file my_file_33.cif (mmCIF, C-alpha atoms)
data_structure
#
loop_
_atom_site.label_atom_id
_atom_site.label_comp_id
_atom_site.auth_asym_id
_atom_site.auth_seq_id
_atom_site.Cartn_x
_atom_site.Cartn_y
_atom_site.Cartn_z
CA MET A 1 -71.89 25.80 -32.06
CA ALA A 2 -69.35 27.88 -33.96
CA ARG A 3 -68.85 31.40 -32.68
CA ARG A 4 -69.04 34.33 -35.08
CA ILE A 5 -65.67 36.01 -34.88
CA CYS A 6 -65.67 39.68 -35.85
CA ARG A 7 -62.58 41.37 -37.17
CA PHE A 8 -62.75 44.62 -35.26
CA THR A 9 -60.15 44.74 -32.51
CA LEU A 10 -62.06 47.22 -30.40
CA ASP A 11 -65.31 45.99 -28.94
CA LEU A 12 -67.76 48.89 -28.81
CA ALA A 13 -70.94 46.86 -28.85
CA PRO A 14 -74.13 48.93 -28.50
CA ARG A 15 -76.27 48.95 -25.37
CA THR A 16 -73.51 48.21 -22.92
CA SER A 17 -72.96 49.98 -19.64
CA ALA A 18 -69.22 49.33 -19.44
CA SER A 19 -66.87 52.31 -19.68
CA ALA A 20 -64.91 53.04 -22.84
CA ALA A 21 -61.70 52.09 -21.08
CA ALA A 22 -63.00 48.65 -20.20
CA LEU A 23 -64.04 48.18 -23.81
CA MET A 24 -60.50 48.46 -25.18
CA LEU A 25 -60.59 44.71 -25.63
CA ALA A 26 -57.17 44.37 -26.87
CA ALA A 27 -56.11 46.31 -29.73
CA VAL A 28 -53.22 43.89 -29.18
CA LEU A 29 -55.08 41.13 -27.41
CA ALA A 30 -56.88 39.40 -30.28
CA GLY A 31 -60.21 39.23 -28.52
CA CYS A 32 -62.32 39.85 -31.61
CA SER A 33 -60.11 38.99 -34.52
CA THR A 34 -60.21 36.27 -37.11
CA ALA A 35 -56.47 36.37 -37.68
CA PRO A 36 -54.62 33.63 -35.81
CA LYS A 37 -51.84 35.97 -34.66
CA LEU A 38 -51.83 38.30 -31.68
CA ASP A 39 -52.03 41.88 -32.84
CA THR A 40 -48.49 42.57 -31.67
CA ASP A 41 -47.11 39.54 -33.52
CA VAL A 42 -47.17 40.98 -37.02
CA THR A 43 -45.90 38.57 -39.66
CA GLY A 44 -46.09 40.85 -42.65
CA SER A 45 -48.80 38.86 -44.39
CA ILE A 46 -52.56 38.82 -44.27
CA ALA A 47 -53.82 35.66 -42.62
CA ALA A 48 -56.27 33.50 -44.51
CA PRO A 49 -59.84 33.97 -43.23
CA VAL A 50 -60.89 31.45 -40.62
CA THR A 51 -64.09 30.88 -38.69
CA GLY A 52 -65.05 30.31 -35.09
CA ALA A 53 -65.33 26.60 -35.89
CA ASP A 54 -61.69 26.61 -37.02
CA PHE A 55 -60.63 28.10 -33.71
CA GLU A 56 -62.64 25.49 -31.81
CA THR A 57 -60.97 22.72 -33.79
CA ALA A 58 -57.54 24.21 -33.08
CA ALA A 59 -58.32 24.52 -29.37
CA ASP A 60 -59.40 20.88 -29.22
CA ALA A 61 -56.21 19.76 -30.99
CA TRP A 62 -54.00 21.79 -28.67
CA GLY A 63 -56.01 20.57 -25.69
CA ALA A 64 -55.20 16.97 -26.55
CA ARG A 65 -51.50 17.80 -26.72
CA TYR A 66 -51.68 19.72 -23.46
CA ALA A 67 -53.39 16.83 -21.68
CA LYS A 68 -50.45 14.60 -22.58
CA ASN A 69 -47.75 17.10 -21.59
CA PRO A 70 -49.07 20.02 -19.49
CA THR A 71 -45.59 21.07 -18.38
CA ASP A 72 -44.31 21.75 -21.92
CA ARG A 73 -43.89 25.49 -22.42
CA ALA A 74 -44.62 25.63 -26.15
CA THR A 75 -47.70 23.45 -25.77
CA ALA A 76 -49.07 25.64 -22.98
CA LEU A 77 -48.57 28.77 -25.10
CA GLY A 78 -50.19 27.20 -28.14
CA TYR A 79 -53.14 25.88 -26.17
CA ALA A 80 -53.73 29.18 -24.37
CA LYS A 81 -53.62 31.10 -27.65
CA ALA A 82 -56.14 28.74 -29.25
CA LEU A 83 -58.39 29.03 -26.20
CA GLN A 84 -58.38 32.81 -26.41
CA GLN A 85 -59.14 32.75 -30.12
CA SER A 86 -62.13 30.51 -29.45
CA GLY A 87 -63.39 32.83 -26.71
CA ARG A 88 -62.37 30.76 -23.68
CA THR A 89 -60.36 33.45 -21.94
CA VAL A 90 -60.82 32.19 -18.37
CA GLN A 91 -59.43 28.79 -19.32
CA ALA A 92 -56.53 30.44 -21.16
CA VAL A 93 -55.65 32.46 -18.08
CA SER A 94 -55.59 29.26 -16.01
CA VAL A 95 -53.25 27.54 -18.47
CA LEU A 96 -50.91 30.53 -18.60
CA GLN A 97 -50.93 31.03 -14.85
CA LYS A 98 -49.58 27.51 -14.42
CA ALA A 99 -47.02 28.14 -17.17
CA ALA A 100 -45.92 31.38 -15.49
CA ILE A 101 -45.40 29.55 -12.20
CA ARG A 102 -43.23 26.98 -13.98
CA HIS A 103 -41.37 29.63 -16.02
CA PRO A 104 -41.31 32.75 -13.82
CA ASN A 105 -38.61 34.52 -15.87
CA ASP A 106 -39.83 33.63 -19.34
CA ARG A 107 -40.71 36.86 -21.17
CA GLU A 108 -42.95 35.21 -23.74
CA VAL A 109 -44.93 33.31 -21.12
CA LEU A 110 -45.33 36.40 -18.91
CA ALA A 111 -46.38 38.51 -21.89
CA ALA A 112 -48.97 35.96 -22.99
CA TYR A 113 -50.23 35.71 -19.41
CA GLY A 114 -50.55 39.49 -19.18
CA LYS A 115 -52.48 39.70 -22.44
CA ALA A 116 -54.85 36.94 -21.35
CA LEU A 117 -55.44 38.66 -18.00
CA ALA A 118 -56.21 41.91 -19.79
CA ALA A 119 -58.63 40.16 -22.14
CA GLY A 120 -60.40 38.86 -19.04
CA GLY A 121 -60.55 42.32 -17.47
CA ASP A 122 -57.96 41.75 -14.72
CA LEU A 123 -56.01 44.86 -15.66
CA ASN A 124 -53.82 45.30 -12.57
CA ARG A 125 -52.43 41.78 -12.75
CA ALA A 126 -52.14 42.08 -16.53
CA LEU A 127 -50.03 45.22 -16.25
CA ASP A 128 -47.82 43.62 -13.62
CA ALA A 129 -47.21 40.53 -15.78
CA VAL A 130 -46.35 42.52 -18.90
CA GLN A 131 -44.06 44.87 -16.97
CA ARG A 132 -42.27 41.90 -15.39
CA ALA A 133 -41.75 40.48 -18.87
CA GLN A 134 -40.05 43.68 -20.01
CA THR A 135 -36.32 44.30 -19.71
CA PRO A 136 -35.51 48.02 -19.36
CA ASP A 137 -32.03 47.70 -20.87
CA GLN A 138 -33.39 46.00 -24.00
CA PRO A 139 -37.07 46.94 -24.20
CA ASP A 140 -39.32 44.93 -26.49
CA TRP A 141 -41.61 47.11 -28.62
CA ARG A 142 -44.29 44.40 -28.59
CA LEU A 143 -44.44 44.50 -24.79
CA LEU A 144 -44.50 48.30 -24.80
CA SER A 145 -47.43 48.17 -27.20
CA ALA A 146 -49.19 45.56 -25.08
CA GLU A 147 -48.61 47.68 -21.97
CA GLY A 148 -50.08 50.65 -23.80
CA ALA A 149 -53.20 48.69 -24.69
CA ILE A 150 -53.68 47.66 -21.06
CA LEU A 151 -53.22 51.27 -19.92
CA ASP A 152 -55.81 52.34 -22.49
CA GLN A 153 -58.21 49.77 -21.05
CA SER A 154 -57.59 51.34 -17.65
CA GLY A 155 -58.46 54.78 -18.97
CA ARG A 156 -54.85 56.01 -18.73
CA HIS A 157 -54.70 57.19 -22.31
CA GLY A 158 -51.79 59.61 -21.86
CA ASP A 159 -49.62 56.90 -20.31
CA ALA A 160 -50.71 54.49 -23.03
CA ARG A 161 -49.66 56.87 -25.81
CA ALA A 162 -46.29 57.36 -24.13
CA ARG A 163 -45.74 53.60 -24.38
CA TYR A 164 -46.76 53.59 -28.03
CA ALA A 165 -44.27 56.42 -28.66
CA GLN A 166 -41.54 54.36 -27.01
CA ALA A 167 -42.49 51.36 -29.12
CA LEU A 168 -42.39 53.45 -32.30
CA ASP A 169 -38.94 54.75 -31.38
CA ILE A 170 -37.76 51.15 -31.45
CA ALA A 171 -39.90 50.02 -34.40
CA PRO A 172 -40.69 53.10 -36.53
CA ASP A 173 -43.95 52.92 -38.46
CA GLU A 174 -44.76 49.46 -37.05
CA PRO A 175 -48.38 49.05 -38.22
CA SER A 176 -49.64 47.18 -35.17
CA VAL A 177 -48.39 49.93 -32.83
CA LEU A 178 -49.85 52.65 -35.04
CA SER A 179 -53.14 50.74 -35.03
CA ASN A 180 -53.15 50.65 -31.24
CA LEU A 181 -52.45 54.38 -31.16
CA GLY A 182 -55.28 55.01 -33.59
CA MET A 183 -57.69 53.00 -31.48
CA SER A 184 -56.54 54.95 -28.42
CA TYR A 185 -57.57 58.15 -30.18
CA LEU A 186 -60.86 56.50 -31.08
CA LEU A 187 -61.57 55.87 -27.41
CA THR A 188 -61.23 59.56 -26.61
CA ARG A 189 -63.34 60.56 -29.61
CA GLU A 190 -60.44 62.20 -31.42
CA LEU A 191 -61.80 60.83 -34.66
CA ASP A 192 -59.61 62.86 -37.03
CA LYS A 193 -56.44 61.72 -35.26
CA ALA A 194 -57.75 58.16 -35.12
CA GLU A 195 -58.44 58.05 -38.85
CA GLU A 196 -55.14 59.71 -39.76
CA THR A 197 -53.16 57.27 -37.62
CA LEU A 198 -55.07 54.22 -38.82
CA ARG A 199 -54.64 55.27 -42.46
CA ARG A 200 -50.93 55.53 -41.82
CA ALA A 201 -50.95 52.09 -40.22
CA ALA A 202 -52.93 50.55 -43.09
CA ALA A 203 -50.47 51.95 -45.63
CA MET A 204 -47.46 50.27 -44.03
CA ASP A 205 -45.91 47.04 -45.26
CA GLY A 206 -47.08 44.31 -42.93
CA ALA A 207 -50.46 45.87 -42.19
CA ASP A 208 -53.03 43.10 -41.86
CA SER A 209 -56.78 42.87 -42.21
CA ARG A 210 -57.44 43.78 -38.59
CA ILE A 211 -55.86 47.19 -39.12
CA ARG A 212 -58.00 47.87 -42.18
CA GLN A 213 -61.10 46.84 -40.25
CA ASN A 214 -60.15 49.28 -37.48
CA LEU A 215 -59.80 51.99 -40.12
CA ALA A 216 -63.26 51.12 -41.39
CA LEU A 217 -64.57 51.50 -37.85
CA ALA A 218 -63.02 54.95 -37.45
CA ILE A 219 -64.37 56.12 -40.80
CA GLY A 220 -67.81 54.75 -40.01
CA LEU A 221 -67.91 56.54 -36.68
CA SER A 222 -67.01 59.73 -38.52
CA GLY A 223 -70.24 59.32 -40.48
CA ARG A 224 -68.84 58.20 -43.84
CA PHE A 225 -70.52 54.83 -43.90
CA ASP A 226 -70.23 54.07 -47.62
CA GLU A 227 -66.45 54.49 -47.46
CA ALA A 228 -66.29 52.41 -44.29
CA GLU A 229 -68.36 49.68 -45.89
CA ALA A 230 -66.08 49.55 -48.93
CA ILE A 231 -63.02 49.06 -46.73
CA ALA A 232 -64.72 46.58 -44.40
CA THR A 233 -65.92 44.31 -47.20
CA ALA A 234 -62.89 44.50 -49.51
CA GLU A 235 -61.14 41.33 -48.41
CA LEU A 236 -63.57 39.32 -46.29
CA PRO A 237 -65.72 36.32 -47.21
CA PRO A 238 -69.31 37.45 -47.90
CA ALA A 239 -70.80 36.12 -44.65
CA GLU A 240 -68.11 37.72 -42.52
CA ALA A 241 -68.29 41.00 -44.43
CA GLU A 242 -72.05 41.05 -43.89
CA ALA A 243 -71.60 40.50 -40.16
CA ASN A 244 -69.09 43.35 -39.89
CA ILE A 245 -71.33 45.71 -41.84
CA ALA A 246 -74.26 44.82 -39.60
CA TYR A 247 -72.03 45.63 -36.63
CA LEU A 248 -71.08 49.00 -38.13
CA ARG A 249 -74.72 49.80 -38.91
CA SER A 250 -75.76 48.99 -35.35
CA MET A 251 -73.14 51.40 -34.07
CA MET A 252 -74.26 54.13 -36.45
CA SER A 253 -77.82 53.73 -35.15
CA GLU A 254 -76.68 54.03 -31.53
CA ARG A 255 -74.93 57.38 -31.59
CA ASP A 256 -76.05 58.21 -28.05
CA ASP A 257 -74.48 55.00 -26.77
CA TRP A 258 -71.28 55.83 -28.66
CA LYS A 259 -71.13 59.23 -26.97
CA LYS A 260 -71.51 57.56 -23.58
CA LEU A 261 -68.86 54.97 -24.39
CA ALA A 262 -66.48 57.65 -25.56
CA GLY A 263 -66.79 59.51 -22.26
CA ASP A 264 -69.44 62.08 -23.08
CA GLY A 265 -72.24 60.60 -21.01
#
call {"tool": "encode", "arguments": {"input": "my_file_33.cif", "output": "structure tokens"}}
result
Amino acid sequence: MARRICRFTLDLAPRTSASAAALMLAAVLAGCSTAPKLDTDVTGSIAAPVTGADFETAADAWGARYAKNPTDRATALGYAKALQQSGRTVQAVSVLQKAAIRHPNDREVLAAYGKALAAGGDLNRALDAVQRAQTPDQPDWRLLSAEGAILDQSGRHGDARARYAQALDIAPDEPSVLSNLGMSYLLTRELDKAEETLRRAAAMDGADSRIRQNLALAIGLSGRFDEAEAIATAELPPAEAEANIAYLRSMMSERDDWKKLAGDG
């Protein structure tokens, strides 16, 4: 059965007992996104809408290639990415763990492994993998942004924002980093800062649909649902737009749960 893939990159589903930090499901980790790129791999173009069935098909195709050549680095990365996009995070972690053993100094492999670990909730190992992938003399803004997202998941919002600041020093106005920063503010219920930062991100060249959906989420949580709905439905296929609006409406009807998730309960 095809999975419904929502576009919001922060999972704040109602009626959950998890902490807000644990719900930072990857502002850079592509856990709930229809776009086939990781949030830190901005291409400068909006990806064509795809469905859960498309991701399943891609995972099956990559799986066949991986079965023939499991030691190939590019194949392992492609397969793991497709697995994550189809919701099979545990399997993706397994594939990337083997790749990391074979390529212990490969920054891209370590970064992908760290992101997969974070998506699966193993934050300590995720942080270690991403930090090992980084090179202090030539820091990669994508890794700094990924590290920030993991720190946000761990509830270390101040440390996370310091990483985003470092990333923005290297890549000024990079929309994916600004989006992560905006979602960080959302987690601490600084809704004005979240909206301001996400609007800035959405206005940048290279901003993709995920960023605009995050902006819709921030606006909706601020109580301006009509405006949020207009943004959320502007570029999505009708069925997907309807699903996202239903998600926003469910959050608006669960304000007490939102307060708890945001650290007020």
call {"tool": "closest_atom_pairs", "arguments": {"input": "my_file_33.cif", "of": "region 131-169 of chain A", "to": "region 113-119 of chain A", "cutoff": "10 Å", "atoms": "all atoms listed in the file", "output": "tab-separated table"}}
result
residue	atom	partner	partner_atom	distance
A:Gln131	CA	A:Gly114	CA	8.7
A:Arg132	CA	A:Gly114	CA	9.4
A:Ala133	CA	A:Gly114	CA	8.9
A:Leu143	CA	A:Lys115	CA	9.7
A:Ala146	CA	A:Lys115	CA	7.2
A:Glu147	CA	A:Gly114	CA	8.9
A:Ala149	CA	A:Ala118	CA	8.9
A:Ile150	CA	A:Ala118	CA	6.4
A:Leu151	CA	A:Ala118	CA	9.8
A:Gln153	CA	A:Ala118	CA	8.2
A:Ser154	CA	A:Ala118	CA	9.8
call {"tool": "resolve_selection", "arguments": {"input": "my_file_33.cif", "expression": "the PyMOL selection byres ((chain A and resi 190-195) around 8)", "output": "PyMOL selection string"}}
result
chain A and resi 181-189+196-199+215+218-219+221-222
call {"tool": "resolve_selection", "arguments": {"input": "my_file_33.cif", "expression": "the PyMOL selection byres ((chain A and resi 213) around 9)", "output": "list in words"}}
result
Arg7, Phe8, Thr9, Ser209, Arg210, Ile211, Arg212, Asn214, Leu215, Ala216, Leu217, Ala218, Ala228, Ile231, Ala232, Thr233 and Asn244 of chain A
call {"tool": "atom_distance", "arguments": {"input": "my_file_33.cif", "atom1": "CA of Gly78 (chain A)", "atom2": "CA of Glu235 (chain A)"}}
result
27.0 Å
call {"tool": "atom_distance", "arguments": {"input": "my_file_33.cif", "atom1": "CA of Arg125 (chain A)", "atom2": "CA of Asp72 (chain A)"}}
result
23.5 Å
call {"tool": "atom_distance", "arguments": {"input": "my_file_33.cif", "atom1": "CA of Asp226 (chain A)", "atom2": "CA of Val177 (chain A)"}}
result
26.7 Å
call {"tool": "closest_residue", "arguments": {"input": "my_file_33.cif", "among": "A:Ala246, A:Asn180, A:Pro237, A:Ala53", "to": "Gly220 (chain A)", "atoms": "all atoms listed in the file"}}
result
A:Ala246
call {"tool": "resolve_selection", "arguments": {"input": "my_file_33.cif", "expression": "the PyMOL selection byres ((chain A and resi 103) around 12)", "output": "list in words"}}
result
Thr71, Asp72, Arg73, Ala74, Ala76, Leu77, Leu96, Gln97, Lys98, Ala99, Ala100, Ile101, Arg102, Pro104, Asn105, Asp106, Arg107, Glu108, Val109, Leu110, Ala111, Tyr113 and Ala133 of chain A
call {"tool": "write_last_selection", "arguments": {"input": "my_file_33.cif", "atoms": "C-alpha atoms", "output": "JSON list (two decimals), in the frame of the given file"}}
result
[["chain", "number", "residue", "atom", "x", "y", "z"],
["A", 71, "THR", "CA", -45.59, 21.07, -18.38],
["A", 72, "ASP", "CA", -44.31, 21.75, -21.92],
["A", 73, "ARG", "CA", -43.89, 25.49, -22.42],
["A", 74, "ALA", "CA", -44.62, 25.63, -26.15],
["A", 76, "ALA", "CA", -49.07, 25.64, -22.98],
["A", 77, "LEU", "CA", -48.57, 28.77, -25.10],
["A", 96, "LEU", "CA", -50.91, 30.53, -18.60],
["A", 97, "GLN", "CA", -50.93, 31.03, -14.85],
["A", 98, "LYS", "CA", -49.58, 27.51, -14.42],
["A", 99, "ALA", "CA", -47.02, 28.14, -17.17],
["A", 100, "ALA", "CA", -45.92, 31.38, -15.49],
["A", 101, "ILE", "CA", -45.40, 29.55, -12.20],
["A", 102, "ARG", "CA", -43.23, 26.98, -13.98],
["A", 104, "PRO", "CA", -41.31, 32.75, -13.82],
["A", 105, "ASN", "CA", -38.61, 34.52, -15.87],
["A", 106, "ASP", "CA", -39.83, 33.63, -19.34],
["A", 107, "ARG", "CA", -40.71, 36.86, -21.17],
["A", 108, "GLU", "CA", -42.95, 35.21, -23.74],
["A", 109, "VAL", "CA", -44.93, 33.31, -21.12],
["A", 110, "LEU", "CA", -45.33, 36.40, -18.91],
["A", 111, "ALA", "CA", -46.38, 38.51, -21.89],
["A", 113, "TYR", "CA", -50.23, 35.71, -19.41],
["A", 133, "ALA", "CA", -41.75, 40.48, -18.87]]
call {"tool": "residues_around", "arguments": {"input": "my_file_33.cif", "residues": "Arg88 (chain A)", "least_positions_apart": "2", "cutoff": "12 Å", "atoms": "all atoms listed in the file", "output": "ChimeraX atom specification"}}
result
/A:3,31,52,55-56,59-60,79-86,90-95,116-117,119-120
call {"tool": "write_last_selection", "arguments": {"input": "my_file_33.cif", "atoms": "C-alpha atoms", "output": "short mmCIF file (atom, residue, chain, number, x, y, z; two decimals), in the coordinates of the input"}}
result
data_model
loop_
_atom_site.label_atom_id
_atom_site.label_comp_id
_atom_site.auth_asym_id
_atom_site.auth_seq_id
_atom_site.Cartn_x
_atom_site.Cartn_y
_atom_site.Cartn_z
CA ARG A 3 -68.85 31.40 -32.68
CA GLY A 31 -60.21 39.23 -28.52
CA GLY A 52 -65.05 30.31 -35.09
CA PHE A 55 -60.63 28.10 -33.71
CA GLU A 56 -62.64 25.49 -31.81
CA ALA A 59 -58.32 24.52 -29.37
CA ASP A 60 -59.40 20.88 -29.22
CA TYR A 79 -53.14 25.88 -26.17
CA ALA A 80 -53.73 29.18 -24.37
CA LYS A 81 -53.62 31.10 -27.65
CA ALA A 82 -56.14 28.74 -29.25
CA LEU A 83 -58.39 29.03 -26.20
CA GLN A 84 -58.38 32.81 -26.41
CA GLN A 85 -59.14 32.75 -30.12
CA SER A 86 -62.13 30.51 -29.45
CA VAL A 90 -60.82 32.19 -18.37
CA GLN A 91 -59.43 28.79 -19.32
CA ALA A 92 -56.53 30.44 -21.16
CA VAL A 93 -55.65 32.46 -18.08
CA SER A 94 -55.59 29.26 -16.01
CA VAL A 95 -53.25 27.54 -18.47
CA ALA A 116 -54.85 36.94 -21.35
CA LEU A 117 -55.44 38.66 -18.00
CA ALA A 119 -58.63 40.16 -22.14
CA GLY A 120 -60.40 38.86 -19.04
#
call {"tool": "build_atoms", "arguments": {"input": "my_file_33.cif", "residues": "region 139-155 of chain A", "atoms": "N, CA and C atoms", "output": "short mmCIF file (atom, residue, chain, number, x, y, z; two decimals), keeping the file's coordinate frame"}}
result
data_model
loop_
_atom_site.label_atom_id
_atom_site.label_comp_id
_atom_site.auth_asym_id
_atom_site.auth_seq_id
_atom_site.Cartn_x
_atom_site.Cartn_y
_atom_site.Cartn_z
N PRO A 139 -35.60 47.00 -24.16
CA PRO A 139 -37.07 46.94 -24.20
C PRO A 139 -37.60 46.34 -25.49
N ASP A 140 -38.66 45.59 -25.37
CA ASP A 140 -39.32 44.93 -26.49
C ASP A 140 -40.50 45.81 -26.91
N TRP A 141 -40.53 46.22 -28.17
CA TRP A 141 -41.61 47.11 -28.62
C TRP A 141 -42.98 46.43 -28.52
N ARG A 142 -43.01 45.11 -28.68
CA ARG A 142 -44.29 44.40 -28.59
C ARG A 142 -44.86 44.51 -27.18
N LEU A 143 -43.99 44.38 -26.18
CA LEU A 143 -44.44 44.50 -24.79
C LEU A 143 -44.84 45.93 -24.47
N LEU A 144 -44.11 46.90 -25.00
CA LEU A 144 -44.50 48.30 -24.80
C LEU A 144 -45.88 48.57 -25.39
N SER A 145 -46.13 48.00 -26.56
CA SER A 145 -47.43 48.17 -27.20
C SER A 145 -48.53 47.47 -26.40
N ALA A 146 -48.22 46.28 -25.91
CA ALA A 146 -49.19 45.56 -25.08
C ALA A 146 -49.47 46.33 -23.79
N GLU A 147 -48.42 46.89 -23.19
CA GLU A 147 -48.61 47.68 -21.97
C GLU A 147 -49.48 48.89 -22.27
N GLY A 148 -49.24 49.52 -23.42
CA GLY A 148 -50.08 50.65 -23.80
C GLY A 148 -51.54 50.28 -23.93
N ALA A 149 -51.81 49.13 -24.53
CA ALA A 149 -53.20 48.69 -24.69
C ALA A 149 -53.87 48.47 -23.33
N ILE A 150 -53.12 47.90 -22.39
CA ILE A 150 -53.68 47.66 -21.06
C ILE A 150 -53.94 49.00 -20.36
N LEU A 151 -53.02 49.95 -20.50
CA LEU A 151 -53.22 51.27 -19.92
C LEU A 151 -54.43 51.96 -20.54
N ASP A 152 -54.62 51.79 -21.86
CA ASP A 152 -55.81 52.34 -22.49
C ASP A 152 -57.07 51.73 -21.91
N GLN A 153 -57.06 50.42 -21.67
CA GLN A 153 -58.21 49.77 -21.05
C GLN A 153 -58.49 50.33 -19.67
N SER A 154 -57.44 50.79 -19.00
CA SER A 154 -57.59 51.34 -17.65
C SER A 154 -57.96 52.81 -17.68
N GLY A 155 -58.11 53.38 -18.86
CA GLY A 155 -58.46 54.78 -18.97
C GLY A 155 -57.27 55.72 -18.88
#
